[in-house]
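Shown here: target-v8.tsv, TSV, C-alpha atoms and all ligand atoms.
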chain	number	residue	atom	x	y	z
A	1	MET	CA	-9.95	30.97	9.94
A	2	SER	CA	-10.98	28.09	7.72
A	3	ASP	CA	-13.84	25.96	9.00
A	4	LYS	CA	-12.54	22.94	7.12
A	5	LYS	CA	-11.85	19.74	9.06
A	6	ILE	CA	-8.17	18.87	9.19
A	7	ILE	CA	-7.00	15.48	7.94
A	8	ALA	CA	-3.49	14.70	9.23
A	9	VAL	CA	-1.71	12.51	6.70
A	10	ALA	CA	1.20	10.24	7.62
A	11	GLY	CA	3.55	9.32	4.79
A	12	ALA	CA	2.48	12.50	3.02
A	13	THR	CA	5.68	12.70	0.96
A	14	GLY	CA	5.16	9.09	-0.12
A	15	ALA	CA	2.95	7.29	-2.61
A	16	GLN	CA	-0.11	6.58	-0.47
A	17	GLY	CA	-0.15	9.64	1.78
A	18	GLY	CA	0.82	11.92	-1.10
A	19	GLY	CA	-2.26	10.71	-2.96
A	20	VAL	CA	-4.44	11.53	0.06
A	21	VAL	CA	-3.03	15.06	0.34
A	22	ARG	CA	-3.46	15.72	-3.39
A	23	ALA	CA	-7.03	14.34	-3.34
A	24	ILE	CA	-7.93	16.75	-0.51
A	25	LEU	CA	-6.26	19.74	-2.18
A	26	ASN	CA	-7.81	18.95	-5.58
A	27	ASP	CA	-11.27	19.27	-4.04
A	28	ALA	CA	-10.87	22.93	-3.16
A	29	ASP	CA	-14.53	23.30	-2.23
A	30	GLY	CA	-14.53	20.08	-0.20
A	31	PRO	CA	-14.91	19.82	3.57
A	32	PHE	CA	-11.29	18.95	4.43
A	33	ALA	CA	-7.91	20.65	4.79
A	34	ALA	CA	-4.69	18.65	4.38
A	35	ARG	CA	-1.98	18.49	7.03
A	36	ALA	CA	1.09	16.70	5.65
A	37	LEU	CA	3.35	14.90	8.13
A	38	THR	CA	7.03	14.45	7.29
A	39	ARG	CA	10.34	14.10	9.10
A	40	ASN	CA	11.88	16.69	6.82
A	41	VAL	CA	9.80	19.78	6.12
A	42	ASP	CA	12.56	21.06	3.83
A	43	SER	CA	12.59	18.17	1.36
A	44	ASP	CA	11.56	18.89	-2.23
A	45	LYS	CA	8.45	16.74	-1.79
A	46	ALA	CA	7.44	18.52	1.42
A	47	ARG	CA	7.97	21.92	-0.18
A	48	ALA	CA	5.87	20.86	-3.19
A	49	LEU	CA	3.02	19.87	-0.85
A	50	ALA	CA	3.26	23.21	0.95
A	51	ALA	CA	3.28	25.08	-2.37
A	52	ALA	CA	0.14	23.16	-3.40
A	53	GLY	CA	-1.66	24.33	-0.25
A	54	ALA	CA	-0.99	21.72	2.43
A	55	GLU	CA	0.00	22.58	5.99
A	56	VAL	CA	3.33	20.77	6.39
A	57	VAL	CA	4.18	19.61	9.92
A	58	ALA	CA	7.31	17.89	11.23
A	59	ALA	CA	6.55	14.45	12.68
A	60	ASP	CA	8.47	11.27	13.29
A	61	PHE	CA	6.68	7.99	14.09
A	62	ASP	CA	9.50	7.31	16.58
A	63	ASP	CA	8.93	10.58	18.48
A	64	PRO	CA	5.57	10.65	20.33
A	65	SER	CA	5.69	14.35	21.20
A	66	SER	CA	6.09	15.22	17.52
A	67	LEU	CA	3.00	13.07	16.83
A	68	ASP	CA	1.02	14.96	19.48
A	69	ARG	CA	1.77	18.21	17.65
A	70	ALA	CA	0.97	16.58	14.31
A	71	PHE	CA	-2.49	15.29	15.28
A	72	ALA	CA	-3.57	18.20	17.52
A	73	GLY	CA	-6.93	19.50	16.40
A	74	ALA	CA	-7.25	17.02	13.54
A	75	TYR	CA	-10.65	15.56	12.64
A	76	GLY	CA	-9.16	12.70	10.63
A	77	ALA	CA	-5.90	10.80	10.25
A	78	PHE	CA	-4.56	8.71	7.38
A	79	LEU	CA	-1.95	6.34	8.78
A	80	VAL	CA	0.60	4.31	6.85
A	81	THR	CA	3.97	2.89	7.94
A	82	ASN	CA	6.87	2.07	5.67
A	83	PHE	CA	8.15	-1.47	6.19
A	84	TRP	CA	10.67	-1.17	3.36
A	85	GLU	CA	12.63	1.54	5.16
A	86	HIS	CA	13.81	-0.88	7.89
A	87	PHE	CA	12.54	-4.39	6.96
A	88	SER	CA	11.50	-4.96	10.60
A	89	PRO	CA	7.97	-6.19	11.38
A	90	GLU	CA	8.52	-5.40	15.06
A	91	LYS	CA	9.44	-1.82	14.24
A	92	GLU	CA	6.41	-1.50	11.97
A	93	ILE	CA	4.15	-2.68	14.81
A	94	GLU	CA	5.85	-0.28	17.25
A	95	GLN	CA	5.31	2.62	14.87
A	96	ALA	CA	1.67	1.63	14.35
A	97	LYS	CA	1.28	1.57	18.15
A	98	ALA	CA	2.84	5.03	18.47
A	99	LEU	CA	0.45	6.32	15.80
A	100	ALA	CA	-2.58	4.64	17.42
A	101	ASP	CA	-1.64	6.07	20.83
A	102	ALA	CA	-1.18	9.54	19.35
A	103	VAL	CA	-4.50	9.65	17.48
A	104	GLN	CA	-6.19	8.40	20.65
A	105	ARG	CA	-4.63	11.18	22.74
A	106	ALA	CA	-5.68	13.71	20.09
A	107	GLY	CA	-9.28	12.43	19.98
A	108	VAL	CA	-9.26	12.06	16.20
A	109	GLN	CA	-12.75	11.23	14.93
A	110	HIS	CA	-11.95	9.13	11.84
A	111	VAL	CA	-8.79	7.11	11.36
A	112	ILE	CA	-7.85	5.27	8.17
A	113	TRP	CA	-5.20	2.63	8.87
A	114	SER	CA	-3.55	1.43	5.66
A	115	THR	CA	-3.11	-2.25	6.33
A	116	LEU	CA	-2.86	-5.68	4.74
A	117	GLU	CA	-3.91	-9.22	5.63
A	118	ASP	CA	-2.21	-11.10	8.46
A	119	THR	CA	-1.42	-14.07	6.22
A	120	ARG	CA	-0.93	-16.33	9.26
A	121	ASN	CA	-4.73	-16.51	9.49
A	122	TRP	CA	-4.60	-18.52	6.22
A	123	VAL	CA	-1.10	-20.00	6.42
A	124	PRO	CA	-0.35	-20.88	10.07
A	125	LEU	CA	3.32	-21.01	11.02
A	126	ASP	CA	3.28	-24.84	10.94
A	127	ASP	CA	2.08	-24.82	7.30
A	128	ASP	CA	5.28	-25.65	5.47
A	129	ARG	CA	4.10	-24.68	1.99
A	130	MET	CA	6.25	-21.56	2.60
A	131	PRO	CA	9.06	-20.91	5.07
A	132	THR	CA	8.47	-19.06	8.34
A	133	LEU	CA	10.50	-15.82	8.23
A	134	MET	CA	12.08	-13.85	11.06
A	135	GLY	CA	10.89	-16.45	13.58
A	136	LYS	CA	7.14	-15.79	13.53
A	137	TYR	CA	5.93	-14.44	10.22
A	138	LYS	CA	4.98	-15.81	6.83
A	139	VAL	CA	4.80	-12.47	4.97
A	140	PRO	CA	6.43	-10.04	7.41
A	141	HIS	CA	5.30	-6.79	5.76
A	142	PHE	CA	1.72	-8.07	5.55
A	143	ASP	CA	1.57	-9.83	8.91
A	144	ALA	CA	2.93	-6.86	10.86
A	145	LYS	CA	0.28	-4.53	9.43
A	146	GLY	CA	-2.48	-7.09	9.97
A	147	GLU	CA	-1.32	-7.75	13.54
A	148	ALA	CA	-1.36	-3.99	14.18
A	149	ASP	CA	-5.09	-3.84	13.28
A	150	ALA	CA	-5.83	-5.05	16.83
A	151	LEU	CA	-4.07	-1.98	18.28
A	152	PHE	CA	-6.74	0.22	16.74
A	153	THR	CA	-9.61	-2.08	17.71
A	154	ALA	CA	-8.39	-2.52	21.30
A	155	ARG	CA	-8.28	1.27	21.79
A	156	GLY	CA	-11.80	1.62	20.43
A	157	LEU	CA	-10.53	4.02	17.79
A	158	PRO	CA	-12.98	5.04	15.04
A	159	THR	CA	-11.02	3.24	12.33
A	160	THR	CA	-11.54	2.18	8.74
A	161	PHE	CA	-9.09	-0.59	7.81
A	162	LEU	CA	-7.93	0.04	4.25
A	163	ARG	CA	-6.47	-3.07	2.60
A	164	THR	CA	-4.55	-1.99	-0.48
A	165	SER	CA	-3.18	-3.86	-3.50
A	166	PHE	CA	0.07	-4.25	-5.44
A	167	TYR	CA	1.02	-0.87	-6.90
A	168	TRP	CA	1.54	-0.92	-10.67
A	169	ASP	CA	4.08	1.80	-9.85
A	170	ASN	CA	6.31	-1.11	-8.73
A	171	PHE	CA	7.03	-1.52	-12.45
A	172	ILE	CA	8.70	1.92	-12.24
A	173	HIS	CA	10.19	2.19	-8.75
A	174	PHE	CA	10.48	-1.21	-7.12
A	175	GLY	CA	12.66	-3.05	-9.63
A	176	MET	CA	9.75	-5.15	-10.91
A	177	GLY	CA	9.60	-3.75	-14.43
A	178	PRO	CA	10.41	-5.71	-17.59
A	179	THR	CA	14.02	-6.85	-17.79
A	180	ARG	CA	15.93	-8.29	-20.74
A	181	GLY	CA	16.78	-11.98	-20.63
A	182	GLU	CA	19.83	-13.63	-22.17
A	183	ASP	CA	17.79	-13.93	-25.38
A	184	GLY	CA	17.48	-10.11	-25.45
A	185	LYS	CA	13.70	-10.33	-24.92
A	186	LEU	CA	11.83	-8.34	-22.29
A	187	ALA	CA	9.94	-10.18	-19.55
A	188	ILE	CA	8.23	-9.56	-16.23
A	189	THR	CA	8.94	-12.24	-13.66
A	190	LEU	CA	6.31	-13.26	-11.12
A	191	PRO	CA	5.54	-16.47	-9.22
A	192	MET	CA	1.78	-16.16	-9.76
A	193	GLY	CA	1.22	-19.06	-12.19
A	194	ASP	CA	-1.98	-18.31	-14.08
A	195	LYS	CA	-3.64	-16.60	-11.10
A	196	LYS	CA	-4.79	-12.98	-10.99
A	197	LEU	CA	-2.94	-10.26	-9.10
A	198	PRO	CA	-5.09	-7.35	-7.90
A	199	GLY	CA	-3.25	-4.14	-8.73
A	200	ILE	CA	-3.81	-0.43	-8.36
A	201	ALA	CA	-2.30	2.91	-9.35
A	202	ALA	CA	-0.65	4.09	-6.12
A	203	GLU	CA	-2.25	7.52	-6.60
A	204	ASP	CA	-5.69	5.88	-6.54
A	205	ILE	CA	-5.13	4.62	-2.98
A	206	GLY	CA	-5.17	8.20	-1.74
A	207	LYS	CA	-8.24	9.00	-3.82
A	208	CYS	CA	-10.07	5.97	-2.37
A	209	ALA	CA	-9.05	7.03	1.15
A	210	TYR	CA	-10.44	10.48	0.42
A	211	GLY	CA	-13.71	8.83	-0.64
A	212	ILE	CA	-13.76	7.00	2.70
A	213	PHE	CA	-13.28	10.25	4.66
A	214	LYS	CA	-16.09	11.83	2.64
A	215	LYS	CA	-18.44	8.98	3.57
A	216	GLY	CA	-17.61	9.65	7.20
A	217	PRO	CA	-18.92	7.42	9.97
A	218	GLU	CA	-20.52	4.97	7.53
A	219	LEU	CA	-17.23	3.12	7.03
A	220	ILE	CA	-15.89	3.31	10.58
A	221	GLY	CA	-15.26	-0.20	11.89
A	222	GLU	CA	-15.22	-1.60	8.36
A	223	ALA	CA	-12.43	-3.18	6.33
A	224	VAL	CA	-12.34	-1.71	2.83
A	225	HIS	CA	-10.32	-3.61	0.20
A	226	ILE	CA	-9.36	-1.77	-2.97
A	227	ALA	CA	-7.99	-2.61	-6.42
A	228	GLY	CA	-8.06	-1.04	-9.88
A	229	GLU	CA	-8.08	-4.34	-11.78
A	230	HIS	CA	-7.27	-8.03	-11.27
A	231	LEU	CA	-4.90	-9.34	-13.95
A	232	THR	CA	-2.83	-12.43	-14.67
A	233	GLY	CA	0.87	-12.07	-15.43
A	234	LYS	CA	0.06	-12.84	-19.05
A	235	GLN	CA	-2.51	-10.04	-19.20
A	236	MET	CA	-0.09	-7.56	-17.58
A	237	ALA	CA	2.65	-8.57	-20.06
A	238	ALA	CA	0.22	-8.03	-22.96
A	239	ALA	CA	-0.72	-4.56	-21.69
A	240	LEU	CA	2.97	-3.71	-21.18
A	241	THR	CA	3.72	-4.91	-24.73
A	242	GLU	CA	1.08	-2.53	-26.06
A	243	ALA	CA	2.30	0.39	-23.94
A	244	ILE	CA	6.03	-0.04	-24.53
A	245	GLY	CA	5.75	-1.02	-28.19
A	246	GLU	CA	8.00	-4.03	-27.72
A	247	ASP	CA	7.11	-7.62	-26.91
A	248	VAL	CA	7.05	-8.31	-23.15
A	249	LYS	CA	6.72	-11.93	-22.00
A	250	TYR	CA	5.43	-13.25	-18.70
A	251	ASN	CA	8.19	-15.30	-17.10
A	252	VAL	CA	6.53	-17.63	-14.58
A	253	VAL	CA	8.78	-18.85	-11.80
A	254	SER	CA	8.03	-20.85	-8.67
A	255	PRO	CA	7.67	-19.02	-5.35
A	256	GLU	CA	10.73	-20.99	-4.19
A	257	ALA	CA	12.80	-19.62	-7.08
A	258	TYR	CA	11.55	-16.09	-6.36
A	259	ARG	CA	12.46	-16.39	-2.66
A	260	ASN	CA	15.99	-17.28	-3.72
A	261	PHE	CA	16.53	-14.29	-6.00
A	262	GLY	CA	18.70	-12.82	-3.25
A	263	PHE	CA	17.64	-9.17	-3.26
A	264	PRO	CA	16.60	-7.69	0.12
A	265	GLY	CA	13.02	-8.74	0.82
A	266	ALA	CA	12.97	-11.50	-1.84
A	267	GLU	CA	11.81	-14.16	0.65
A	268	ASP	CA	9.07	-11.88	2.00
A	269	LEU	CA	7.85	-11.08	-1.53
A	270	GLY	CA	8.13	-14.72	-2.65
A	271	ASN	CA	5.85	-15.70	0.23
A	272	MET	CA	3.56	-12.75	-0.51
A	273	PHE	CA	3.05	-13.74	-4.14
A	274	GLN	CA	2.53	-17.37	-3.12
A	275	PHE	CA	-0.14	-16.27	-0.64
A	276	LYS	CA	-1.88	-14.25	-3.37
A	277	ARG	CA	-1.58	-17.18	-5.79
A	278	ASP	CA	-2.75	-19.90	-3.40
A	279	PHE	CA	-5.64	-17.82	-2.00
A	280	GLU	CA	-6.59	-16.09	-5.24
A	281	GLU	CA	-10.32	-16.61	-4.78
A	282	MET	CA	-10.39	-14.98	-1.34
A	283	TYR	CA	-7.75	-12.32	-2.08
A	284	CYS	CA	-9.33	-11.15	-5.35
A	285	GLY	CA	-12.83	-11.78	-4.03
A	286	VAL	CA	-12.61	-9.13	-1.32
A	287	ARG	CA	-10.88	-6.54	-3.55
A	288	ASN	CA	-13.93	-5.34	-5.38
A	289	VAL	CA	-13.06	-3.07	-8.30
A	290	GLU	CA	-16.53	-1.54	-8.63
A	291	GLY	CA	-16.60	-0.83	-4.89
A	292	SER	CA	-13.23	0.89	-5.25
A	293	ARG	CA	-14.58	2.95	-8.16
A	294	ALA	CA	-17.59	3.96	-6.07
A	295	LEU	CA	-15.15	5.53	-3.59
A	296	ASN	CA	-12.97	6.98	-6.33
A	297	PRO	CA	-14.69	7.58	-9.68
A	298	GLU	CA	-11.28	8.32	-11.27
A	299	LEU	CA	-9.99	4.80	-10.51
A	300	LYS	CA	-7.63	3.67	-13.28
A	301	SER	CA	-7.42	0.30	-15.01
A	302	PHE	CA	-3.91	-1.01	-15.77
A	303	SER	CA	-4.14	0.15	-19.40
A	304	GLU	CA	-5.26	3.60	-18.31
A	305	TRP	CA	-2.41	3.75	-15.81
A	306	LEU	CA	0.00	2.72	-18.58
A	307	VAL	CA	-1.20	5.52	-20.87
A	308	ALA	CA	-0.21	8.04	-18.19
A	309	ASN	CA	2.87	6.25	-16.81
A	310	GLY	CA	4.16	3.74	-19.39
A	311	SER	CA	6.95	6.07	-20.54
A	312	ARG	CA	8.27	6.21	-16.93
A	313	ILE	CA	8.96	2.45	-16.85
A	314	PRO	CA	12.74	2.04	-17.13
A	315	ILE	CA	13.64	-0.17	-20.12
A	316	GLU	CA	17.26	-0.94	-20.89
A	401	LIG	N1	4.56	-1.25	-3.16
A	401	LIG	C1	3.40	-1.86	-3.08
A	401	LIG	O1	2.94	-2.50	-4.02
A	401	LIG	C2	2.59	-1.76	-1.82
A	401	LIG	C3	1.29	-2.23	-1.83
A	401	LIG	C4	0.53	-2.16	-0.66
A	401	LIG	C5	1.10	-1.65	0.48
A	401	LIG	N2	2.39	-1.20	0.47
A	401	LIG	C6	2.95	-0.67	1.72
A	401	LIG	O2	3.10	0.71	1.61
A	401	LIG	C7	3.96	1.13	2.65
A	401	LIG	C8	4.76	2.33	2.20
A	401	LIG	O3	3.88	3.34	1.78
A	401	LIG	P1	4.25	4.25	0.53
A	401	LIG	O4	4.54	3.40	-0.65
A	401	LIG	O5	3.20	5.28	0.43
A	401	LIG	O6	5.63	4.89	1.04
A	401	LIG	P2	6.80	5.63	0.27
A	401	LIG	O7	6.31	6.24	-1.01
A	401	LIG	O8	7.97	4.70	0.22
A	401	LIG	O9	7.14	6.80	1.31
A	401	LIG	C9	7.40	6.52	2.66
A	401	LIG	C10	6.68	7.55	3.51
A	401	LIG	O10	6.74	7.19	4.90
A	401	LIG	C11	7.19	8.30	5.64
A	401	LIG	N3	7.91	7.80	6.82
A	401	LIG	C12	8.68	6.69	6.90
A	401	LIG	N4	9.18	6.55	8.14
A	401	LIG	C13	8.71	7.60	8.87
A	401	LIG	C14	8.88	8.00	10.21
A	401	LIG	N5	9.66	7.32	11.07
A	401	LIG	N6	8.26	9.11	10.63
A	401	LIG	C15	7.48	9.84	9.77
A	401	LIG	N7	7.29	9.49	8.48
A	401	LIG	C16	7.90	8.38	8.03
A	401	LIG	C17	8.09	9.08	4.70
A	401	LIG	O11	8.12	10.42	5.12
A	401	LIG	P3	9.44	11.36	5.17
A	401	LIG	O12	10.57	10.58	4.56
A	401	LIG	O13	9.07	12.60	4.39
A	401	LIG	O14	9.62	11.62	6.63
A	401	LIG	C18	7.33	8.92	3.37
A	401	LIG	O15	6.31	9.87	3.27
A	401	LIG	C19	4.85	-0.06	2.99
A	401	LIG	O16	4.72	-0.41	4.35
A	401	LIG	C20	4.34	-1.16	2.07
A	401	LIG	O17	4.31	-2.43	2.69
A	401	LIG	C21	3.14	-1.23	-0.66

Hey, can you dump this file as structure tokens for me?
Amino acid sequence: MSDKKIIAVAGATGAQGGGVVRAILNDADGPFAARALTRNVDSDKARALAAAGAEVVAADFDDPSSLDRAFAGAYGAFLVTNFWEHFSPEKEIEQAKALADAVQRAGVQHVIWSTLEDTRNWVPLDDDRMPTLMGKYKVPHFDAKGEADALFTARGLPTTFLRTSFYWDNFIHFGMGPTRGEDGKLAITLPMGDKKLPGIAAEDIGKCAYGIFKKGPELIGEAVHIAGEHLTGKQMAAALTEAIGEDVKYNVVSPEAYRNFGFPGAEDLGNMFQFKRDFEEMYCGVRNVEGSRALNPELKSFSEWLVANGSRIPIE
């Protein structure tokens, strides 16, 4: 039997968790074995992880007994919840609680909780620079994760709080890529003014998390903020122009206009970008690129990410 320590990875068929599993498997001589958690062990993504060498285990965040099986015997756990599947901050907090309870029952020795800032610490609900959403949030998908941090602290769990950044992969998968205006010209649309947006290749999140597991107890109790580069909209448009071979403009809109775009989550994202814009110094300040590279020497800049992924950005 292998003497490797098992890392149980939530969201293993997704962007963040998938990166963690691949980082573990790519270090064949490393100290860890990957256990991939998924609701559907027969999906193509789950089968690909199994074929690459991961142990694939059925687990549903809404089913505590499945989580007990998933974390049994694990040394470490990478935990991420998916707000965008249900758009409910309460559900995200419930799932984080179920995960925290399960890793506690299992006696896991190092937990990484993939989280984000509770923006209400900077923008209290009575601050009317942005609307309060769903009754008690400013940026629901941030605030729910940030609120859930306390679940890990209150249980005394050996946790590293991993605060991630905007995935550049959103230009491929999340409908944020360049679109053609009425003038026929391509543009990316963001309400960031001339402020910098910390971004990261989604795959690098998993690699950074792997670096945290390798450091072991040193980072338990710490908040680690990661980014691959901090760029203005203008700088991202210039890099996209270079990668796509066609002029891409930066279309600056107000957060208010963004909130009113009407797609599901537009208000949440409008508030999120406004938070990042208005608190640029703090938000960029904590997301140290060199610190991220120290955890993950393969960390990509935006241009490097574009070399590998630019052709996957849908352009019509
Ligand atoms: N897009 C960004 O720029 C960005 C930046 C920072 C943070 N985030 C956060 O990242 C989170 C999503 O992570 P991701 O992008 O890695 O996800 P993703 O690629 O969309 O994949 C979602 C993952 O969550 C798993 N999952 C969802 N509900 C589950 C449940 N009830 N039980 C077990 N597994 C469940 C899915 O597993 P199966 O379907 O296989 O069961 C899948 O592996 C969101 O909460 C978002 O706020 C996003």

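Every protein, DNA or RNA residue with an atom at most 10 Å from A:Tyr75, where all atoms listed in the file count and chain neighbours fewer than 6 positions away do not, is listed here: Lys4, Lys5, Ile6, Ile7, Ala8, Phe32, Ala33, Val103, Ala106, Gly107, Val108, Gln109, His110, Val111 and Phe213 of chain A.
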
Within 6 Å of ligand LIG 401 (chain A) (only C-alpha atoms and all ligand atoms), residues as number ranges by chain: A: 11-17, 38-40, 59-62, 81-84, 141, 164-167, 170

Would you mind reading off the distance between atom CA of A:His230 and atom CA of A:Arg259, one decimal, in Å? 23.1 Å

Which residues come within 8 Å of stretch 20-29 of chain A, counting all atoms listed in the file, excluding same-chain residues fewer than 3 positions away, as a PyMOL selection string? chain A and resi 9+12+16-17+32-36+49+52-54+78+205-207+209-210

Work out how far atom CA of A:Leu306 is from atom CA of A:Gln235, in Å to one decimal.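 Atom CA of A:Leu306 lies at a distance of 13.0 Å from atom CA of A:Gln235.
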
Pick out the closest residue to A:Glu222 from this set: A:Pro140, A:Pro31, A:Gly19, A:Pro158. Count all atoms listed in the file.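 The answer is A:Pro158, which sits nearest to A:Glu222.
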
Nearest residue to A:Ala74 from the set A:Arg129, A:Pro191, A:Gly18, A:Asp3 (distances using only C-alpha atoms):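 Among A:Arg129, A:Pro191, A:Gly18, A:Asp3, it is A:Asp3 that comes nearest to A:Ala74.
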
Calculate how many Å separate atom CA of A:Phe279 from atom CA of A:His225, rounding to one decimal. 15.1 Å

Could you give me, as a PyMOL selection string, the residues within 12 Å of A:Glu256, counting all atoms listed in the file and dropping anything in the same chain fewer than 3 positions from it? chain A and resi 129-131+190-192+252-253+259-262+266-274

A:Asn296: which residues within 7 Å, counting all atoms listed in the file, same-chain residues fewer than 2 positions away excluded, as a ChimeraX atom specification? /A:207-208,211,292-294,298-299

I need the residues from that last selection saved to file as a CSV table (one decimal), keeping the file's coordinate frame (with C-alpha atoms), if you can.
chain,number,residue,atom,x,y,z
A,207,LYS,CA,-8.2,9.0,-3.8
A,208,CYS,CA,-10.1,6.0,-2.4
A,211,GLY,CA,-13.7,8.8,-0.6
A,292,SER,CA,-13.2,0.9,-5.2
A,293,ARG,CA,-14.6,3.0,-8.2
A,294,ALA,CA,-17.6,4.0,-6.1
A,298,GLU,CA,-11.3,8.3,-11.3
A,299,LEU,CA,-10.0,4.8,-10.5

Nearest to A:Tyr137, chosen from A:Thr160, A:Gln104, A:Asn288, A:Thr119, with only C-alpha atoms counted in the distances: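 Smallest distance to A:Tyr137 is found for A:Thr119.
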